[in-house]
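Student: Questions regarding the structure given below will be posed in turn.
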Amino acid sequence: MALQISATNPEHPALLLELPWHLPLEEWPEEYLVPLPRGISRHVVRYARAGDEVIAVKELAERPALREYQLLRDLDRIGIPAVDPLAVVTGRLDASGAPLESVLVTRHLGGSMPYRSMFETTMRPATMHRLMDALAVLLVRLHLAGFAWGDCSLSNTLFRRDAGAYAAYLVDAETGDLHPRLSDGQREYDLDLARVNISGELLDLEASGALHPSVDPIEFGMEICARYRSLWDELTRTSVYPAGKYHYIERRIRRLNDLGFDVAEMQIEHASNGDTVSFVPKVVDAGHHQRQLLRLTGLDTEENQARRLLNDLESWMATQDDYAPGDPLGARPEVLAHRWVREVFRPTVRAVPPELRGAMDPAEIYHQLLEHRWYMSERAQQDIGIEAVVEDYITNILPKARKTLQPTAD
């Protein structure tokens, strides 16, 4: 069988042909590899460079490789946070003509970290809670989309900083299945697997001395269940309100927006006696603030980053002379938003030298600067200008932060 590359983009096959597919992945020369932290995997995984891109290459049998490739494409189509599938390479032969395993190629997720690299310095319990929050949100989003993961764990997840929190991305879809709708039994099975896997992973870290002494692996395994069920209930439960109290429905929708979700479809029913109204979200889409920021500014960020940037944008808008909500003669929000990007956001981010940014993307840098401005203003008991904030951040904060940042390719 000849070497075959099935790719999502016509540019990728030409770039991928330059890689040494005639060698087992474990034997790839250093000149092709990129030194990035890797998580635990049942397969051989390597990071390599293909043109200007950093890719993750995973060795596995042909059928599961093709199946996972298709599942990742399906997840991308429905907007689930997961690694981006680029290609499947089959028909590999070594120098003697013996067959080699196929490989799945995905794009490296810039700024991401496997959980083990995050524990190289002892992680505080508060950070652990944020990881559980991120993983619970990911699992709920998967289940709302009808995807049964089959192996939810910290090892099969990558984490990115998201304005003081984390965003979780699915890495391994090999055991997953996509359905029109999941039963309660399928969801509970996934959740039970998550509990067992997470507790086991934390027990392993505890044995190696990498876990904070106050972190109980069993309790944190149970925590993912509690956080998942709380979020699932908020997103799917039926609310019953007195007839005529329609603002209660608006309040429920605003609460879902605050959680980062939009109600794309809903069901409202009047009781037969006319005394009550039942409301249930039928289709809930994550990314409320992301979509709002993208529409206004063209900036594509994580959800919490978007929330923080929107708050800053609204505060800035209020200071502009042509900001007049409801006045047809005032500037449109989109015009003001693009002015904010041009005059505030971009110059502020560019003031931080690229070589000092580490794994942080522009939205995360801006969030960090906003946080630092708040702390500096609190200490000084007066507003501090952004120029002074940037200078102090570069001098006093970044050198300390860079010691904890993992090397990441953009």
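Here's how to read the names in the structure tokens: chain A, B, ... by the order shown, residue numbers from 1 in each chain, ligand numbers from 1 in the order shown.
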Which residues come within 7 Å of A:Leu170, counting only C-alpha atoms, excluding same-chain residues fewer than 6 positions away, as a count of residues only?

Tutor: 6

Student: Just list the residues in stretch 78-308 of chain A DSSP gives helix (DSSP H, G or I) on the backbone, as a ChimeraX atom specification.

Tutor: /A:115-118,125-144,184-207,217-236,246-258,288-297,303-308

Student: Residues at most 10 Å from A:Asp321, counting only C-alpha atoms, excluding those fewer than 3 positions away in the same chain, as a PDB file with C-alpha atoms, in the first residue's frame?

Tutor:
```pdb
ATOM      1  CA  MET A 317     -17.535  53.647  25.568  1.00  0.00           C
ATOM      2  CA  ALA A 318     -19.151  55.608  28.389  1.00  0.00           C
ATOM      3  CA  ALA A 324     -25.337  58.160  23.041  1.00  0.00           C
ATOM      4  CA  GLY A 330     -24.688  58.826  18.190  1.00  0.00           C
ATOM      5  CA  ALA A 331     -21.984  56.456  17.020  1.00  0.00           C
TER       6      ALA A 331
END
```

Student: Smallest atom-to-atom distance to A:His108: which of A:Lys58, A:Leu205, A:Gly146, A:Asp151, using only C-alpha atoms?

Tutor: A:Lys58

Student: What gap, in Å, lies between atom CA of A:Thr395 and atom CA of A:Leu369?

Tutor: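 Interatomic distance, atom CA of A:Thr395 to atom CA of A:Leu369: 12.6 Å.
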
Student: Neighbours of stretch 166-168 of chain A within 8 Å (only C-alpha atoms; same-chain residues fewer than 2 positions away dropped), as a list in words?

Tutor: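 The residues satisfying every condition are Pro81, Arg130, Leu131, Ala134, Leu135, Val137, Leu138, Thr157, Leu158, Phe159, Arg160, Arg161, Asp162, Ala163, Gly164, Leu170 and Glu302 of chain A.
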
Student: For the selection you just gave me, I'd like the residues written to a file as an mmCIF file, in the first residue's frame, keeping N, CA and C atoms.

Tutor:
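As written to disk, result-v8.cif reads:
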```
data_model
loop_
_atom_site.group_PDB
_atom_site.id
_atom_site.type_symbol
_atom_site.label_atom_id
_atom_site.label_comp_id
_atom_site.auth_asym_id
_atom_site.auth_seq_id
_atom_site.Cartn_x
_atom_site.Cartn_y
_atom_site.Cartn_z
ATOM 1 N N PRO A 81 -15.118 22.715 22.037
ATOM 2 C CA PRO A 81 -13.680 22.936 22.229
ATOM 3 C C PRO A 81 -12.901 21.617 22.189
ATOM 4 N N ARG A 130 -10.773 25.573 39.894
ATOM 5 C CA ARG A 130 -10.989 26.174 38.574
ATOM 6 C C ARG A 130 -10.825 25.138 37.465
ATOM 7 N N LEU A 131 -9.901 24.189 37.656
ATOM 8 C CA LEU A 131 -9.767 23.109 36.670
ATOM 9 C C LEU A 131 -11.034 22.248 36.629
ATOM 10 N N ALA A 134 -13.715 24.066 34.724
ATOM 11 C CA ALA A 134 -13.489 24.022 33.273
ATOM 12 C C ALA A 134 -13.857 22.661 32.704
ATOM 13 N N LEU A 135 -13.462 21.598 33.393
ATOM 14 C CA LEU A 135 -13.756 20.257 32.898
ATOM 15 C C LEU A 135 -15.254 19.970 32.954
ATOM 16 N N VAL A 137 -17.660 22.192 32.619
ATOM 17 C CA VAL A 137 -18.269 22.933 31.503
ATOM 18 C C VAL A 137 -18.064 22.175 30.193
ATOM 19 N N LEU A 138 -16.854 21.660 29.983
ATOM 20 C CA LEU A 138 -16.584 20.899 28.759
ATOM 21 C C LEU A 138 -17.477 19.668 28.670
ATOM 22 N N THR A 157 -7.439 15.927 28.398
ATOM 23 C CA THR A 157 -7.880 17.314 28.324
ATOM 24 C C THR A 157 -6.669 18.237 28.293
ATOM 25 N N LEU A 158 -6.767 19.314 27.530
ATOM 26 C CA LEU A 158 -5.783 20.389 27.593
ATOM 27 C C LEU A 158 -6.458 21.616 28.192
ATOM 28 N N PHE A 159 -5.677 22.427 28.913
ATOM 29 C CA PHE A 159 -6.220 23.599 29.583
ATOM 30 C C PHE A 159 -5.511 24.855 29.089
ATOM 31 N N ARG A 160 -6.299 25.903 28.872
ATOM 32 C CA ARG A 160 -5.754 27.208 28.502
ATOM 33 C C ARG A 160 -6.205 28.237 29.524
ATOM 34 N N ARG A 161 -5.329 29.213 29.818
ATOM 35 C CA ARG A 161 -5.698 30.299 30.718
ATOM 36 C C ARG A 161 -6.836 31.103 30.103
ATOM 37 N N ASP A 162 -7.779 31.503 30.973
ATOM 38 C CA ASP A 162 -8.949 32.233 30.496
ATOM 39 C C ASP A 162 -9.368 33.271 31.537
ATOM 40 N N ALA A 163 -8.611 34.372 31.599
ATOM 41 C CA ALA A 163 -8.961 35.505 32.465
ATOM 42 C C ALA A 163 -9.191 35.080 33.906
ATOM 43 N N GLY A 164 -8.194 34.477 34.510
ATOM 44 C CA GLY A 164 -8.295 34.047 35.904
ATOM 45 C C GLY A 164 -8.912 32.678 36.084
ATOM 46 N N LEU A 170 -11.055 19.095 24.673
ATOM 47 C CA LEU A 170 -10.934 17.651 24.488
ATOM 48 C C LEU A 170 -9.754 17.342 23.575
ATOM 49 N N GLU A 302 -11.387 33.373 24.468
ATOM 50 C CA GLU A 302 -12.098 32.451 25.351
ATOM 51 C C GLU A 302 -13.271 33.193 26.005
#
```

Student: Considering only C-alpha atoms, can you say which of A:Leu100, A:Val44, A:Leu203, A:Ala194 comes closest to A:Ala148?

Tutor: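 Among the listed residues, A:Ala194 lies closest to A:Ala148.
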
Student: Do a neighbour search on A:His338 at 12 Å with only C-alpha atoms, toss out local chain neighbours closer than 2 positions, and write the hits as JSON, numbers by chain.

Tutor: {"A": [293, 294, 295, 296, 297, 298, 299, 313, 316, 317, 331, 332, 333, 334, 335, 336, 340, 341, 342, 343, 344, 345, 346]}

Student: Find the distance between atom CA of A:Ile5 and atom CA of A:Ala50 and write it in Å to one decimal.

Tutor: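 Computing it gives 13.9 Å between the two atoms.
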
Student: Tell me, which residues of stretch 7-213 of chain A carry DSSP strand (DSSP E or B), written as a ChimeraX atom specification?

Tutor: /A:7,33,45-50,53-60,82,84-90,93,99,102-107,112-114,147-148,157-162,165-170,177-178

Student: Would you kindly return, as a VMD selection string, each protein, DNA or RNA residue with an atom no farther than 9 Å from any atom of stretch 179-191 of chain A, considering only C-alpha atoms and excluding same-chain residues fewer than 6 positions away?

Tutor: chain A and resid 139 143 to 152 224 to 225 228

Student: Export N, CA and C atoms of the chosen residues as a CSV table (one decimal), in the first residue's frame?

Tutor:
```
chain,number,residue,atom,x,y,z
A,139,LEU,N,-17.6,18.9,29.8
A,139,LEU,CA,-18.4,17.7,29.7
A,139,LEU,C,-19.9,18.0,29.5
A,143,HIS,N,-22.2,16.8,26.3
A,143,HIS,CA,-23.4,16.0,26.5
A,143,HIS,C,-24.6,16.8,25.9
A,144,LEU,N,-24.6,18.1,25.9
A,144,LEU,CA,-25.7,18.9,25.3
A,144,LEU,C,-25.7,18.6,23.8
A,145,ALA,N,-24.4,18.4,23.2
A,145,ALA,CA,-24.3,18.2,21.8
A,145,ALA,C,-24.5,16.7,21.4
A,146,GLY,N,-24.7,15.8,22.4
A,146,GLY,CA,-25.0,14.4,22.1
A,146,GLY,C,-23.7,13.6,22.0
A,147,PHE,N,-22.6,14.1,22.6
A,147,PHE,CA,-21.3,13.3,22.5
A,147,PHE,C,-21.1,12.6,23.8
A,148,ALA,N,-21.0,11.3,23.7
A,148,ALA,CA,-20.6,10.5,24.9
A,148,ALA,C,-19.1,10.3,24.8
A,149,TRP,N,-18.3,10.8,25.8
A,149,TRP,CA,-16.9,10.8,25.7
A,149,TRP,C,-16.3,9.4,25.9
A,150,GLY,N,-16.8,8.8,26.9
A,150,GLY,CA,-16.3,7.4,27.1
A,150,GLY,C,-15.0,7.3,27.8
A,151,ASP,N,-14.3,8.4,28.0
A,151,ASP,CA,-13.0,8.4,28.8
A,151,ASP,C,-12.6,9.8,29.2
A,152,CYS,N,-13.5,10.5,29.9
A,152,CYS,CA,-13.3,11.8,30.4
A,152,CYS,C,-12.2,11.7,31.5
A,224,ILE,N,-16.2,16.9,40.6
A,224,ILE,CA,-16.6,17.1,39.2
A,224,ILE,C,-18.0,16.7,39.0
A,225,CYS,N,-18.5,15.7,39.7
A,225,CYS,CA,-19.9,15.3,39.6
A,225,CYS,C,-20.8,16.4,40.1
A,228,TYR,N,-20.8,19.4,37.7
A,228,TYR,CA,-21.5,19.0,36.5
A,228,TYR,C,-23.0,19.0,36.7
```

Student: Between A:His43, A:His22, A:Arg195, A:Arg307, which residue has the minimum interatomic distance to A:Ala165, considering only C-alpha atoms?

Tutor: A:Arg307
